[in-house]
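The structure under discussion appears below in the form of structure tokens.
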Amino acid sequence: MRGLDGGADDGRHDGDGGIDSGDGPGGDDRYGTGRRRRRRTAKAASITAAAGLVAVGLSMAACSTGGTGSRDEGAAGPRETAAAAPTPDPSAGDGQRYAAERVDPIALLKADPKIGERLKTDLKPCVADAYPVDASYGNLTNAPSPDVVVNVMTCGDAVGIGTYVYRKQSDRYENVFMAEDAAVYGTIDRGELIVTKQVYAKGDPVAYPSGEDVITYRWSGSRFTQHDWVHNDYSRAVGDGGPDGGTVDEPAPSEPPAN
């Protein structure tokens with residue numbers, strides 16, 4: 001009688017068609033000895049499954065926060081780097097962001113009740129419809145819309161004759177600063193209004209001022225207040241020293257402008 005595991009009998013059963021029969025080319029008794037090895041299919045499957053679980057566990061451990069994961073195998077490829085790079089948030093940032101809004105500076109000047117009629121009358125195009133007017137946009141007053149700095153110049157020498165700052169209030173722009181002086185020009189620098197005034201001594205040509213005043217203004221509540229003042233004297237020892245190569249009288253030191 002055959003044993004349950006095929007190991008109790010002597011294995012000599014010619015033509016036995018039992019489930020564990022190893023006779024013939026497909027059985028375990030390759031050399032006709034009558035001895036059959038125990039089938040290890042179930043045991044091998046269990047070992048393979050255990051090895052798979054161990055591999056999965058190691059992979060999960062490598063991908064955890066305590067390991068470096070696939071990065072241990074070398075540098076990431078270009079596509080991996082691009083996929084891992086964070087997408088910048090257009091709404092993020094420390095500074096206030098503004099839409100690209102543009103206005104007509106000529107219309108602002110001509111509709112401004114604070115500007116005298118003489119300047120409005122003299123404000124004409126230099127060539128065709130090109131006016132001698134510069135416009136800059138930026139954050140000066142922390143308004144919801146960009147502030148506008150408008151500089152008016154002469155056509156021939158491009159010398160500034162007026163600087164104006166407009167702040168949007170509701171649906172219109174209001175003049176919150178103006179400086180109507182000879183050779184004046186205003187710019188925006190990191191949230192501050194910088195006004196430069198050329199200083200001329202007696203006999204100075206327009207192209208050769210003797211110095212300049214640089215005044216820094218900051219928005220305070222509802223108006224601009226002076227924050228800093230710097231005066232620079234230009235050297236006469238460099239260049240031509242004037243249009244005819246001669247010397248020009250140095251100007252008297254200017255007084256700091258009143259706040």
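Chain labels run A, B, ... following the order of the structure tokens; each chain numbers its residues from 1, and ligands are numbered from 1 in the order shown.
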- [ ] Check the DSSP output for the backbone and give back, as an MDAnalysis selection string, the residues of segment 131-216 of chain A in strand (DSSP E or B).
- [x] chainID A and resid 133:138 147:153 160:169 172:179 184:189 192:199 211:216
Task: Nearest residue to Asn139 of chain A from the set A:Tyr166, A:Tyr185, A:Tyr173, A:Tyr234 (distances using only C-alpha atoms) - done: A:Tyr166
- [ ] Excluding Val133 of chain A and any residue of its chain fewer than 3 positions from it, enumerate the residues within 12 Å of it, using only C-alpha atoms, and give them as a count of residues only.
- [x] 29
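Across A:Glu174, A:Asp122, A:Glu212, A:Asp189, the tightest approach to Val230 of chain A is made by A:Glu212 when counting only C-alpha atoms.
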Open item on the list: Between atom CA of Asp181 of chain A and atom CA of Ala111 of chain A, what distance in Å does the model show, to one decimal?
Closed with: 20.3 Å
Open item on the list: List the spatial neighbours of Gly211 of chain A as a PyMOL selection string - criterion: any atom at most 8 Å away, only C-alpha atoms, same-chain residues fewer than 2 positions off excluded.
Closed with: chain A and resi 198-200+209+213+231-234+251
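Across A:Arg102, A:Pro144, A:Tyr217, A:Phe224, the tightest approach to Arg190 of chain A is made by A:Tyr217 when counting only C-alpha atoms.
Here atom CA of Asp157 of chain A stands at a distance of 18.9 Å from atom CA of Thr187 of chain A.
With only C-alpha atoms taken into account, the protein and nucleic acid residues at most 9 Å from His227 of chain A (excluding it and anything under 5 positions from it in its own chain) are Ile215, Thr216, Tyr217, Arg218 and Asn259 of chain A.
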Would you save the residues of that selection, restricted to all heavy atoms, as an mmCIF file, in the first residue's frame?
```cif
data_model
loop_
_atom_site.group_PDB
_atom_site.id
_atom_site.type_symbol
_atom_site.label_atom_id
_atom_site.label_comp_id
_atom_site.auth_asym_id
_atom_site.auth_seq_id
_atom_site.Cartn_x
_atom_site.Cartn_y
_atom_site.Cartn_z
ATOM 1 N N ILE A 215 16.965 113.838 -3.444
ATOM 2 C CA ILE A 215 16.055 113.850 -2.299
ATOM 3 C C ILE A 215 15.200 112.588 -2.327
ATOM 4 O O ILE A 215 14.640 112.231 -3.364
ATOM 5 C CB ILE A 215 15.148 115.098 -2.320
ATOM 6 C CG1 ILE A 215 15.999 116.352 -2.529
ATOM 7 C CG2 ILE A 215 14.339 115.197 -1.035
ATOM 8 C CD1 ILE A 215 15.187 117.575 -2.879
ATOM 9 N N THR A 216 15.117 111.923 -1.190
ATOM 10 C CA THR A 216 14.339 110.691 -1.071
ATOM 11 C C THR A 216 13.072 110.966 -0.272
ATOM 12 O O THR A 216 13.121 111.549 0.817
ATOM 13 C CB THR A 216 15.154 109.597 -0.367
ATOM 14 O OG1 THR A 216 16.357 109.362 -1.105
ATOM 15 C CG2 THR A 216 14.363 108.301 -0.274
ATOM 16 N N TYR A 217 11.942 110.550 -0.832
ATOM 17 C CA TYR A 217 10.643 110.726 -0.177
ATOM 18 C C TYR A 217 10.020 109.361 0.090
ATOM 19 O O TYR A 217 10.177 108.420 -0.698
ATOM 20 C CB TYR A 217 9.694 111.557 -1.040
ATOM 21 C CG TYR A 217 10.120 112.990 -1.261
ATOM 22 C CD1 TYR A 217 10.891 113.335 -2.369
ATOM 23 C CD2 TYR A 217 9.753 114.001 -0.372
ATOM 24 C CE1 TYR A 217 11.282 114.651 -2.595
ATOM 25 C CE2 TYR A 217 10.144 115.310 -0.580
ATOM 26 C CZ TYR A 217 10.905 115.631 -1.694
ATOM 27 O OH TYR A 217 11.296 116.938 -1.906
ATOM 28 N N ARG A 218 9.284 109.285 1.202
ATOM 29 C CA ARG A 218 8.521 108.089 1.538
ATOM 30 C C ARG A 218 7.076 108.462 1.829
ATOM 31 O O ARG A 218 6.794 109.540 2.356
ATOM 32 C CB ARG A 218 9.131 107.372 2.758
ATOM 33 C CG ARG A 218 10.447 106.680 2.482
ATOM 34 C CD ARG A 218 10.968 105.991 3.731
ATOM 35 N NE ARG A 218 12.236 105.293 3.489
ATOM 36 C CZ ARG A 218 12.942 104.686 4.426
ATOM 37 N NH1 ARG A 218 12.502 104.700 5.696
ATOM 38 N NH2 ARG A 218 14.088 104.081 4.126
ATOM 39 N N ASN A 259 11.010 119.952 4.805
ATOM 40 C CA ASN A 259 10.162 118.755 4.789
ATOM 41 C C ASN A 259 8.746 119.139 4.343
ATOM 42 O O ASN A 259 8.249 120.181 4.651
ATOM 43 C CB ASN A 259 10.091 118.118 6.172
ATOM 44 C CG ASN A 259 11.452 117.530 6.574
ATOM 45 O OD1 ASN A 259 12.274 117.241 5.712
ATOM 46 N ND2 ASN A 259 11.656 117.383 7.875
#
```
Task: Selection near Tyr137 of chain A, 6 Å with only C-alpha atoms, sequence-local residues under 2 positions removed, as a VMD selection string - done: chain A and resid 146 to 148
Save out the residues we just selected, N, CA, C and O atoms, as a PDB file, in the first residue's frame.
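Writing the result to out_0.pdb gives the following:
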```pdb
ATOM      1  N   PRO A 146      -1.024 100.334  -9.323  1.00  0.00           N
ATOM      2  CA  PRO A 146       0.301 100.967  -9.383  1.00  0.00           C
ATOM      3  C   PRO A 146       0.204 102.488  -9.357  1.00  0.00           C
ATOM      4  O   PRO A 146      -0.713 103.084  -9.939  1.00  0.00           O
ATOM      5  N   ASP A 147       1.149 103.108  -8.659  1.00  0.00           N
ATOM      6  CA  ASP A 147       1.283 104.559  -8.708  1.00  0.00           C
ATOM      7  C   ASP A 147       2.008 104.943  -9.992  1.00  0.00           C
ATOM      8  O   ASP A 147       2.762 104.148 -10.565  1.00  0.00           O
ATOM      9  N   VAL A 148       1.785 106.169 -10.448  1.00  0.00           N
ATOM     10  CA  VAL A 148       2.356 106.631 -11.714  1.00  0.00           C
ATOM     11  C   VAL A 148       3.194 107.881 -11.454  1.00  0.00           C
ATOM     12  O   VAL A 148       2.702 108.851 -10.859  1.00  0.00           O
TER      13      VAL A 148
END
```
